[in-house]
Amino acid sequence: MADRPGGTSVTPPTGHTFAFTRSSDQDDLPHATKRYQYIHQGALIATYADSANRKMADHLRKFETMFTLTPQRMRMIVEAFKDALETGLAKRDQVVPMIPTYVFGWPTGKETGNYLAVDLGGTNLRVCLVTLQGDGKFEITQSKYRLSEEQKQDDGQLLFDFCAECLKAFIDLNIESGVIEKDAVLPLGFTFSYPCSQDKIDHGELIRWTKGFGAPNTEGHDVVAMFRKSLEKLSVPAEVVALTCDTTGTLIASHYVNPKTKIACIFGTGCNAAYMEYVRDIPKLSALNIDPNAEIAINCEWGAFDSFEHEHLPRTKYDLVIDETSNKPGEQAFEKLISGRYLGEILRLIICELIDEGVIFLGQNTYKVEIPYSFDTAFLSLMESDPTDELLMIIGIFTHFFALETTLAERQFFRALAKLVGRRAARLSACGIAAIVSKMGYLEEGCAVGADGSLYNKYPGFADRVHEGLQDIFGEKGRNIVTYHAEDGSGIGSAIVA
């Protein structure tokens, strides 16, 4: 979008560009004056502004108390988290299910060949052709297809039909360009980032949908069998040989490139972690007679931590509203506090409460901001990264998306709120990492944590706050645990596993 004279163009992390323009009458009249000159004149305006600012300051102190996690509280959460991980390894059908993936051992870095990967994520469907070249090197060609909200709630088989259609279009395109040989049937790694119970590598029954999906006739079914049915129906030349989640793929891909990697995490629309566990330490696998010294990748599905009982996580009244109005009340308690799907909604609920209390946006029509999930987490990211004294980016968000004018005091207040919500998410994320580090004894020698997802990659300061949280939990030794931007797990990792 071309910039207009005096305008500012903003590109949020989602990739959409929007612009806002400050006209000359806005420059002549500060927002607060312009807004209230029609209500009254002179001293009354100043008095109102002062009282509104005082109210905002009082509220900010309250929110700081509500959203701040002390090191002591974090250590308590870590201990409870460790217990949940152990319970999930010992028994089946636990809240944190600790799913054995039947991916045995680390990659060597010498894997080679052409493989397809399909990733059904929270927002997009992604199709990849990966050429593994050995020595930790690879090439990747990919296409993305947007999933509509209707598709997420439509019949499960129709969802897999859509996946098969997209894969067929991708293969046809690459056959035409000579990248894929005609009549070749390539092995396919299917990345399905929802909790599935697996008893072999090419099988997985969906335990429950997460990330806002609700497609009926899928939970309790083998998703590989459903996908194969769609591939067969459309005569797609691909063979599903492995089912992985994006987090397991991230673990394998990151270790392929950086052998110091011991843990992988996703902090995006949802949240999850994976790591390698010795079979001898997984009591629920004892009947299978697997070599006890073998290592197997565990898909934690840790977004469910503290679900149902809600004994350990510090939930605010806004978190309770999100939970109660979600399509899965009581479930995914950890995910609802830290994932990109919910952070914007937490801030929106606070804003709506302050509107009701007459603290902000007095005399303005606020219906747009009162629409659930209208406040994207990308907005928090933009608010925190606004480099201007006047916080022009925040002006742009509220004028462009919500037709609301803001005072400088309000903008500063909103940015402070965004920091509180974002910081809590990062510090809780650190608790999850710390639980695995502590359980596996990685603290002394240190380890690398491959992290991926929109929150980790795009939210300003998220990684720094995770590291700060790890040091608050472990002291100086927390510096031994280093997160870094992971390799593409749902593409490269899935191909390596395949």
# chains A, B, ... in the order shown; residues from 1 in each chain; ligands from 1
>>> select_by_dssp(residues="range 256-435 of chain A", states="strand (DSSP E)", output="ChimeraX atom specification")
/A:261-267,271-278,295-299
>>> residues_around(residues="range 384-386 of chain A", least_positions_apart="6", cutoff="9 Å", atoms="only C-alpha atoms", output="PDB file with C-alpha atoms, in the first residue's frame")
ATOM      1  CA  LEU A 392       1.720   6.134  16.325  1.00  0.00           C
ATOM      2  CA  MET A 393       1.431   2.420  15.639  1.00  0.00           C
ATOM      3  CA  ILE A 394      -1.067   2.080  18.485  1.00  0.00           C
ATOM      4  CA  ARG A 415       1.368  -0.878  25.851  1.00  0.00           C
ATOM      5  CA  ALA A 416       2.038  -1.516  29.551  1.00  0.00           C
ATOM      6  CA  ALA A 418       0.453  -5.770  26.500  1.00  0.00           C
ATOM      7  CA  LYS A 419       3.832  -6.150  28.227  1.00  0.00           C
ATOM      8  CA  TYR A 459       6.735 -11.268  19.517  1.00  0.00           C
ATOM      9  CA  PRO A 460       9.354  -8.715  20.652  1.00  0.00           C
ATOM     10  CA  GLY A 461      11.309  -9.807  23.704  1.00  0.00           C
TER      11      GLY A 461
END
>>> residues_around(residues="Gln364 in chain A", least_positions_apart="6", cutoff="10 Å", atoms="only C-alpha atoms", output="MDAnalysis selection string")
chainID A and resid 35 355 403:405
>>> write_last_selection(atoms="N, CA, C and O atoms", output="compact mmCIF listing (two decimals), in the first residue's frame")
# COMPACT_ATOMS: atom_id res chain seq x y z
N ARG A 35 -11.66 15.31 21.68
CA ARG A 35 -12.75 14.44 22.09
C ARG A 35 -13.68 15.12 23.08
O ARG A 35 -14.88 14.97 23.02
N ILE A 355 -13.83 -0.17 29.58
CA ILE A 355 -14.87 0.61 28.88
C ILE A 355 -16.14 0.64 29.73
O ILE A 355 -16.75 1.69 29.95
N ALA A 403 -12.01 1.99 14.85
CA ALA A 403 -12.59 3.34 14.73
C ALA A 403 -12.62 4.06 16.07
O ALA A 403 -13.61 4.72 16.43
N LEU A 404 -11.54 3.94 16.85
CA LEU A 404 -11.45 4.56 18.17
C LEU A 404 -10.26 5.50 18.23
O LEU A 404 -9.17 5.17 17.73
N GLU A 405 -10.48 6.66 18.83
CA GLU A 405 -9.39 7.59 19.07
C GLU A 405 -8.81 7.36 20.46
O GLU A 405 -9.55 7.01 21.40
>>> closest_residue(among="A:Leu129, A:Ile436, A:Val240, A:Ile346", to="Met276 in chain A", atoms="only C-alpha atoms")
A:Ile436
>>> closest_residue(among="A:Arg208, A:Lys477, A:Arg465, A:Lys284", to="Gly88 in chain A", atoms="only C-alpha atoms")
A:Lys284
>>> atom_distance(atom1="CA of His310 in chain A", atom2="CA of Thr70 in chain A")
18.7 Å
